[in-house]
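This is target.pdb. It holds PDB, C-alpha atoms.
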```
ATOM      1  CA  MET A   1      24.606 -25.946 -43.561
ATOM      2  CA  ALA A   2      22.006 -25.410 -40.849
ATOM      3  CA  ARG A   3      20.522 -21.983 -40.443
ATOM      4  CA  ARG A   4      21.587 -20.186 -37.295
ATOM      5  CA  ARG A   5      18.932 -19.685 -34.658
ATOM      6  CA  PRO A   6      18.346 -16.088 -33.633
ATOM      7  CA  ILE A   7      18.831 -14.626 -30.194
ATOM      8  CA  THR A   8      15.236 -13.624 -29.472
ATOM      9  CA  THR A   9      14.231 -10.969 -26.947
ATOM     10  CA  THR A  10      11.298  -8.648 -26.412
ATOM     11  CA  ILE A  11      11.290  -4.922 -25.760
ATOM     12  CA  ALA A  12       8.633  -2.339 -24.979
ATOM     13  CA  ALA A  13       6.855  -1.356 -28.198
ATOM     14  CA  GLY A  14       8.874   1.215 -30.141
ATOM     15  CA  ASP A  15      11.566   1.560 -27.430
ATOM     16  CA  VAL A  16      14.160   3.568 -29.378
ATOM     17  CA  SER A  17      16.832   3.173 -26.664
ATOM     18  CA  ALA A  18      16.538  -0.630 -26.708
ATOM     19  CA  ILE A  19      16.550  -0.708 -30.517
ATOM     20  CA  GLU A  20      19.599   1.590 -30.579
ATOM     21  CA  ALA A  21      21.516  -0.617 -28.126
ATOM     22  CA  VAL A  22      20.894  -3.719 -30.249
ATOM     23  CA  LEU A  23      21.822  -1.838 -33.429
ATOM     24  CA  ALA A  24      25.133  -0.656 -31.951
ATOM     25  CA  GLU A  25      26.082  -4.299 -31.308
ATOM     26  CA  VAL A  26      24.859  -5.449 -34.720
ATOM     27  CA  ILE A  27      26.848  -2.738 -36.523
ATOM     28  CA  ALA A  28      29.976  -3.500 -34.481
ATOM     29  CA  LYS A  29      29.690  -7.248 -35.171
ATOM     30  CA  GLU A  30      28.604  -6.763 -38.805
ATOM     31  CA  SER A  31      25.594  -9.032 -38.355
ATOM     32  CA  TRP A  32      21.854  -8.485 -38.732
ATOM     33  CA  VAL A  33      18.652  -8.114 -36.724
ATOM     34  CA  ASN A  34      14.883  -8.251 -37.297
ATOM     35  CA  PHE A  35      12.414  -5.995 -35.465
ATOM     36  CA  LEU A  36       8.803  -7.219 -35.382
ATOM     37  CA  PRO A  37       5.855  -5.391 -33.814
ATOM     38  CA  GLY A  38       4.153  -7.590 -31.223
ATOM     39  CA  THR A  39       5.032 -11.091 -30.081
ATOM     40  CA  ALA A  40       4.096 -14.429 -31.599
ATOM     41  CA  ASN A  41       1.422 -15.092 -28.966
ATOM     42  CA  ASP A  42      -0.390 -11.764 -28.945
ATOM     43  CA  LEU A  43      -0.464 -11.467 -32.747
ATOM     44  CA  GLU A  44      -2.470 -14.635 -33.347
ATOM     45  CA  GLU A  45      -5.766 -12.940 -32.517
ATOM     46  CA  HIS A  46      -5.098  -9.849 -34.664
ATOM     47  CA  LEU A  47      -3.464 -11.173 -37.824
ATOM     48  CA  PRO A  48      -5.091 -13.336 -40.466
ATOM     49  CA  THR A  49      -3.440 -16.579 -41.412
ATOM     50  CA  SER A  50      -1.709 -16.647 -44.769
ATOM     51  CA  GLY A  51      -4.176 -17.112 -47.575
ATOM     52  CA  PRO A  52      -3.871 -17.863 -51.277
ATOM     53  CA  PHE A  53      -3.419 -14.202 -52.167
ATOM     54  CA  SER A  54      -0.596 -13.798 -49.644
ATOM     55  CA  ALA A  55       1.208 -16.687 -51.278
ATOM     56  CA  LEU A  56       0.677 -15.283 -54.771
ATOM     57  CA  PHE A  57       1.648 -11.715 -54.031
ATOM     58  CA  GLY A  58       4.228 -12.297 -51.321
ATOM     59  CA  LYS A  59       2.591 -10.050 -48.751
ATOM     60  CA  PRO A  60       3.610 -10.861 -45.180
ATOM     61  CA  VAL A  61       0.985 -11.138 -42.470
ATOM     62  CA  ARG A  62       3.039  -8.998 -40.111
ATOM     63  CA  PRO A  63       5.402  -6.116 -40.842
ATOM     64  CA  PHE A  64       9.062  -6.293 -39.943
ATOM     65  CA  ALA A  65      12.284  -4.370 -40.381
ATOM     66  CA  GLU A  66      15.621  -6.072 -40.958
ATOM     67  CA  VAL A  67      18.842  -4.151 -40.414
ATOM     68  CA  THR A  68      21.934  -5.705 -41.989
ATOM     69  CA  VAL A  69      25.556  -4.663 -42.255
ATOM     70  CA  VAL A  70      26.580  -5.688 -45.772
ATOM     71  CA  THR A  71      30.040  -6.705 -46.965
ATOM     72  CA  ASP A  72      31.306  -3.196 -47.738
ATOM     73  CA  GLY A  73      30.433  -2.015 -44.209
ATOM     74  CA  THR A  74      27.308  -0.081 -45.146
ATOM     75  CA  THR A  75      24.026  -0.642 -43.375
ATOM     76  CA  GLN A  76      20.863  -1.652 -45.200
ATOM     77  CA  ILE A  77      17.363  -1.542 -43.798
ATOM     78  CA  GLY A  78      14.709  -3.765 -45.302
ATOM     79  CA  VAL A  79      11.059  -3.154 -44.462
ATOM     80  CA  ASN A  80       8.327  -5.552 -45.490
ATOM     81  CA  HIS A  81       4.617  -5.321 -44.729
ATOM     82  CA  PRO A  82       1.140  -5.900 -46.221
ATOM     83  CA  LEU A  83       1.122  -2.596 -48.154
ATOM     84  CA  GLY A  84       3.466  -3.978 -50.812
ATOM     85  CA  ARG A  85       5.247  -1.627 -53.207
ATOM     86  CA  LEU A  86       3.591   1.435 -51.736
ATOM     87  CA  ASN A  87       6.093   1.432 -48.855
ATOM     88  CA  ALA A  88       8.092   4.573 -49.692
ATOM     89  CA  ALA A  89       5.042   6.558 -50.795
ATOM     90  CA  VAL A  90       2.977   5.554 -47.761
ATOM     91  CA  LEU A  91       5.809   6.438 -45.384
ATOM     92  CA  SER A  92       6.258   9.817 -47.049
ATOM     93  CA  GLU A  93       2.512  10.544 -46.915
ATOM     94  CA  ARG A  94       2.572   9.718 -43.202
ATOM     95  CA  GLY A  95       5.401  12.166 -42.557
ATOM     96  CA  LEU A  96       8.291   9.710 -42.328
ATOM     97  CA  THR A  97      11.056  10.841 -44.638
ATOM     98  CA  PHE A  98      14.515   9.398 -45.152
ATOM     99  CA  PRO A  99      17.391  11.046 -43.280
ATOM    100  CA  GLN A 100      20.054  12.883 -45.261
ATOM    101  CA  GLY A 101      22.459  10.482 -46.974
ATOM    102  CA  TRP A 102      20.009   7.556 -47.083
ATOM    103  CA  LYS A 103      19.133   6.086 -50.468
ATOM    104  CA  VAL A 104      16.199   3.894 -51.531
ATOM    105  CA  SER A 105      17.750   0.843 -53.190
ATOM    106  CA  GLN A 106      14.537  -1.090 -53.778
ATOM    107  CA  ASN A 107      10.782  -0.567 -53.521
ATOM    108  CA  HIS A 108       9.321  -3.872 -54.695
ATOM    109  CA  THR A 109       5.978  -5.616 -54.092
ATOM    110  CA  ARG A 110       7.481  -8.937 -52.973
ATOM    111  CA  ARG A 111      10.833  -7.878 -51.603
ATOM    112  CA  GLY A 112       9.644  -4.717 -49.861
ATOM    113  CA  LEU A 113      11.557  -1.512 -49.289
ATOM    114  CA  VAL A 114      15.351  -1.544 -48.991
ATOM    115  CA  VAL A 115      17.234   1.558 -47.915
ATOM    116  CA  THR A 116      20.991   2.088 -47.727
ATOM    117  CA  ALA A 117      21.576   4.038 -44.527
ATOM    118  CA  THR A 118      24.360   5.696 -42.594
ATOM    119  CA  ASN A 119      25.869   3.639 -39.740
ATOM    120  CA  ASP A 120      24.295   5.775 -37.003
ATOM    121  CA  PRO A 121      22.428   3.451 -34.573
ATOM    122  CA  HIS A 122      20.307   6.273 -33.113
ATOM    123  CA  THR A 123      19.049   7.541 -36.489
ATOM    124  CA  ILE A 124      18.321   3.991 -37.659
ATOM    125  CA  ALA A 125      16.520   3.153 -34.389
ATOM    126  CA  VAL A 126      14.280   6.230 -34.584
ATOM    127  CA  TRP A 127      13.476   5.612 -38.245
ATOM    128  CA  CYS A 128      12.737   1.878 -37.802
ATOM    129  CA  ALA A 129      10.518   2.466 -34.769
ATOM    130  CA  ARG A 130       8.523   5.164 -36.579
ATOM    131  CA  ALA A 131       8.274   3.107 -39.803
ATOM    132  CA  LEU A 132       6.943   0.016 -38.038
ATOM    133  CA  VAL A 133       4.422   2.042 -36.048
ATOM    134  CA  GLN A 134       3.225   3.703 -39.281
ATOM    135  CA  LEU A 135       2.996   0.464 -41.268
ATOM    136  CA  THR A 136       1.503  -1.997 -38.821
ATOM    137  CA  LEU A 137      -2.067  -3.064 -39.528
ATOM    138  CA  ILE A 138      -2.665  -4.451 -36.049
ATOM    139  CA  PRO A 139      -3.667  -2.669 -32.852
ATOM    140  CA  GLU A 140      -0.780  -1.156 -30.918
ATOM    141  CA  GLN A 141       1.195  -3.851 -29.138
ATOM    142  CA  GLN A 142       2.833  -3.623 -25.726
ATOM    143  CA  GLU A 143       5.939  -5.541 -26.764
ATOM    144  CA  TRP A 144       8.005  -6.044 -29.904
ATOM    145  CA  THR A 145      10.161  -9.015 -30.780
ATOM    146  CA  ILE A 146      13.845  -8.697 -31.674
ATOM    147  CA  GLU A 147      15.551 -11.548 -33.534
ATOM    148  CA  ARG A 148      19.316 -10.991 -33.663
ATOM    149  CA  TYR A 149      21.629 -13.106 -35.807
ATOM    150  CA  ASP A 150      25.281 -12.827 -34.840
ATOM    151  CA  SER A 151      28.027 -13.604 -37.344
ATOM    152  CA  PRO A 152      29.865 -16.869 -36.674
TER
END
```
Taking this structure as input, can you express it in the form of C-alpha coordinates?
Amino acid sequence: MARRRPITTTIAAGDVSAIEAVLAEVIAKESWVNFLPGTANDLEEHLPTSGPFSALFGKPVRPFAEVTVVTDGTTQIGVNHPLGRLNAAVLSERGLTFPQGWKVSQNHTRRGLVVTATNDPHTIAVWCARALVQLTLIPEQQEWTIERYDSP
(Lines of atoms letter the chains of each structure in order from A and count residues from 1; the text may use other names and numbers.)
(Lines give C-alpha, C1' and ligand atoms only; values in the text may rest on other atoms or scores of the structure.)
Protein backbone atom coordinates (compact mmCIF):
# COMPACT_ATOMS: atom_id res chain seq x y z
CA MET A 1 0.00 0.00 0.00
CA ALA A 2 1.41 3.37 -1.01
CA ARG A 3 1.93 5.97 1.65
CA ARG A 4 -0.45 8.90 1.45
CA ARG A 5 1.05 12.22 0.45
CA PRO A 6 0.50 15.04 2.91
CA ILE A 7 -1.36 18.25 2.27
CA THR A 8 1.51 20.70 2.73
CA THR A 9 1.07 24.37 3.60
CA THR A 10 3.11 27.07 5.27
CA ILE A 11 2.12 29.45 8.04
CA ALA A 12 3.78 32.36 9.80
CA ALA A 13 6.24 31.04 12.38
CA GLY A 14 4.46 30.04 15.58
CA ASP A 15 1.03 31.28 14.39
CA VAL A 16 -1.16 29.78 17.13
CA SER A 17 -4.42 30.66 15.31
CA ALA A 18 -3.32 28.84 12.14
CA ILE A 19 -2.10 25.84 14.15
CA GLU A 20 -5.38 25.76 16.10
CA ALA A 21 -7.47 25.83 12.91
CA VAL A 22 -5.55 22.87 11.46
CA LEU A 23 -5.79 20.98 14.76
CA ALA A 24 -9.57 21.45 14.94
CA GLU A 25 -9.88 19.76 11.53
CA VAL A 26 -7.41 17.01 12.42
CA ILE A 27 -9.24 16.20 15.66
CA ALA A 28 -12.62 16.20 13.90
CA LYS A 29 -11.34 13.90 11.13
CA GLU A 30 -9.28 11.74 13.52
CA SER A 31 -6.16 12.11 11.38
CA TRP A 32 -2.71 13.53 12.05
CA VAL A 33 -0.47 16.51 11.29
CA ASN A 34 3.22 17.45 11.50
CA PHE A 35 4.43 20.95 12.40
CA LEU A 36 8.00 21.79 11.34
CA PRO A 37 9.83 25.05 12.04
CA GLY A 38 11.03 26.62 8.79
CA THR A 39 10.59 25.42 5.23
CA ALA A 40 12.65 22.93 3.25
CA ASN A 41 14.41 25.67 1.27
CA ASP A 42 15.37 28.05 4.07
CA LEU A 43 16.60 25.27 6.38
CA GLU A 44 19.32 24.00 4.05
CA GLU A 45 21.73 26.76 5.04
CA HIS A 46 21.15 26.38 8.79
CA LEU A 47 20.94 22.64 9.39
CA PRO A 48 23.75 20.13 9.01
CA THR A 49 23.21 17.14 6.80
CA SER A 50 22.71 13.83 8.56
CA GLY A 51 25.99 12.37 9.70
CA PRO A 52 27.05 9.01 11.08
CA PHE A 53 26.15 9.97 14.63
CA SER A 54 22.65 11.05 13.59
CA ALA A 55 22.12 7.64 12.05
CA LEU A 56 23.43 5.84 15.12
CA PHE A 57 21.54 7.82 17.72
CA GLY A 58 18.42 8.64 15.75
CA LYS A 59 18.62 12.39 16.24
CA PRO A 60 16.71 14.36 13.62
CA VAL A 61 18.32 17.34 11.93
CA ARG A 62 15.21 19.45 12.44
CA PRO A 63 12.66 19.41 15.25
CA PHE A 64 9.03 18.61 14.60
CA ALA A 65 5.79 17.99 16.44
CA GLU A 66 3.25 15.41 15.31
CA VAL A 67 -0.30 15.55 16.62
CA THR A 68 -2.32 12.37 16.16
CA VAL A 69 -5.80 11.29 17.16
CA VAL A 70 -5.40 7.65 18.21
CA THR A 71 -7.99 4.89 17.99
CA ASP A 72 -9.65 5.55 21.35
CA GLY A 73 -10.23 9.22 20.43
CA THR A 74 -7.46 10.66 22.57
CA THR A 75 -4.88 13.02 21.15
CA GLN A 76 -1.16 12.31 21.31
CA ILE A 77 1.60 14.80 20.65
CA GLY A 78 5.00 13.54 19.61
CA VAL A 79 7.97 15.91 19.68
CA ASN A 80 11.33 14.96 18.23
CA HIS A 81 14.46 17.09 18.03
CA PRO A 82 18.27 16.98 18.36
CA LEU A 83 18.21 17.14 22.19
CA GLY A 84 17.20 13.49 22.46
CA ARG A 85 15.82 12.12 25.73
CA LEU A 86 16.23 15.43 27.51
CA ASN A 87 13.00 16.70 25.93
CA ALA A 88 10.76 16.85 29.02
CA ALA A 89 13.51 18.16 31.29
CA VAL A 90 14.65 20.81 28.81
CA LEU A 91 11.09 22.01 28.25
CA SER A 92 10.49 22.23 31.99
CA GLU A 93 13.75 24.14 32.54
CA ARG A 94 12.68 26.58 29.84
CA GLY A 95 9.34 27.22 31.53
CA LEU A 96 7.12 25.06 29.33
CA THR A 97 5.07 22.77 31.53
CA PHE A 98 2.35 20.32 30.58
CA PRO A 99 -1.26 21.49 30.94
CA GLN A 100 -3.47 19.84 33.55
CA GLY A 101 -4.63 16.39 32.45
CA TRP A 102 -1.71 15.78 30.07
CA LYS A 103 0.50 12.76 30.67
CA VAL A 104 4.01 11.97 29.42
CA SER A 105 3.76 8.56 27.75
CA GLN A 106 7.32 8.37 26.46
CA ASN A 107 10.59 10.28 26.77
CA HIS A 108 13.02 8.28 24.64
CA THR A 109 16.28 9.16 22.86
CA ARG A 110 15.23 7.79 19.45
CA ARG A 111 11.48 8.09 19.59
CA GLY A 112 11.34 11.48 21.30
CA LEU A 113 8.72 12.79 23.68
CA VAL A 114 5.13 11.54 23.47
CA VAL A 115 2.39 13.21 25.49
CA THR A 116 -1.26 12.17 25.82
CA ALA A 117 -3.24 15.40 25.72
CA THR A 118 -6.78 16.66 26.05
CA ASN A 119 -8.65 17.27 22.77
CA ASP A 120 -8.53 21.06 23.08
CA PRO A 121 -7.10 22.51 19.82
CA HIS A 122 -6.21 25.87 21.40
CA THR A 123 -4.23 24.37 24.31
CA ILE A 124 -2.43 21.96 21.96
CA ALA A 125 -1.64 24.77 19.49
CA VAL A 126 -0.16 27.02 22.19
CA TRP A 127 1.89 24.18 23.66
CA CYS A 128 3.22 22.94 20.28
CA ALA A 129 4.17 26.45 19.14
CA ARG A 130 6.02 27.16 22.39
CA ALA A 131 7.72 23.72 22.42
CA LEU A 132 9.04 24.06 18.87
CA VAL A 133 10.29 27.59 19.50
CA GLN A 134 12.09 26.37 22.65
CA LEU A 135 13.62 23.29 21.01
CA THR A 136 14.73 24.54 17.62
CA LEU A 137 18.48 24.83 17.12
CA ILE A 138 18.21 27.07 14.07
CA PRO A 139 17.73 30.82 13.84
CA GLU A 140 14.12 31.97 14.05
CA GLN A 141 12.30 31.24 10.81
CA GLN A 142 9.64 33.37 9.14
CA GLU A 143 7.52 30.42 8.09
CA TRP A 144 6.72 26.93 9.36
CA THR A 145 5.64 23.94 7.33
CA ILE A 146 2.46 21.99 8.07
CA GLU A 147 2.09 18.46 6.68
CA ARG A 148 -1.46 17.19 7.21
CA TYR A 149 -2.46 13.58 6.59
CA ASP A 150 -6.20 13.06 6.28
CA SER A 151 -7.77 9.68 6.98
CA PRO A 152 -8.99 7.86 3.87
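CA of Pro121 in chain A is found 16.9 Å from CA of Thr97 in chain A.
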Hits of the PyMOL selection byres ((chain A and resi 66-68) around 10) in this structure, as a ChimeraX atom specification = /A:23,26-27,30-36,64-65,69-71,73-80,114-117,124-125,128,146-149
Selection result of the PyMOL selection byres ((chain A and resi 126) around 12) on this file, as a VMD selection string = chain A and resid 14 to 21 23 96 to 99 120 to 125 127 to 133
So which residues are close to (13.0, -11.5, -26.9), meaning at most 6 Å away in the file's coordinates with all atoms listed in the file counted, and can you show them as an NGL selection string?
-> :A and (8-10 or 145-146)
Do you have the CA of Val90 in chain A-CA of His108 in chain A distance handy?
-> 13.3 Å
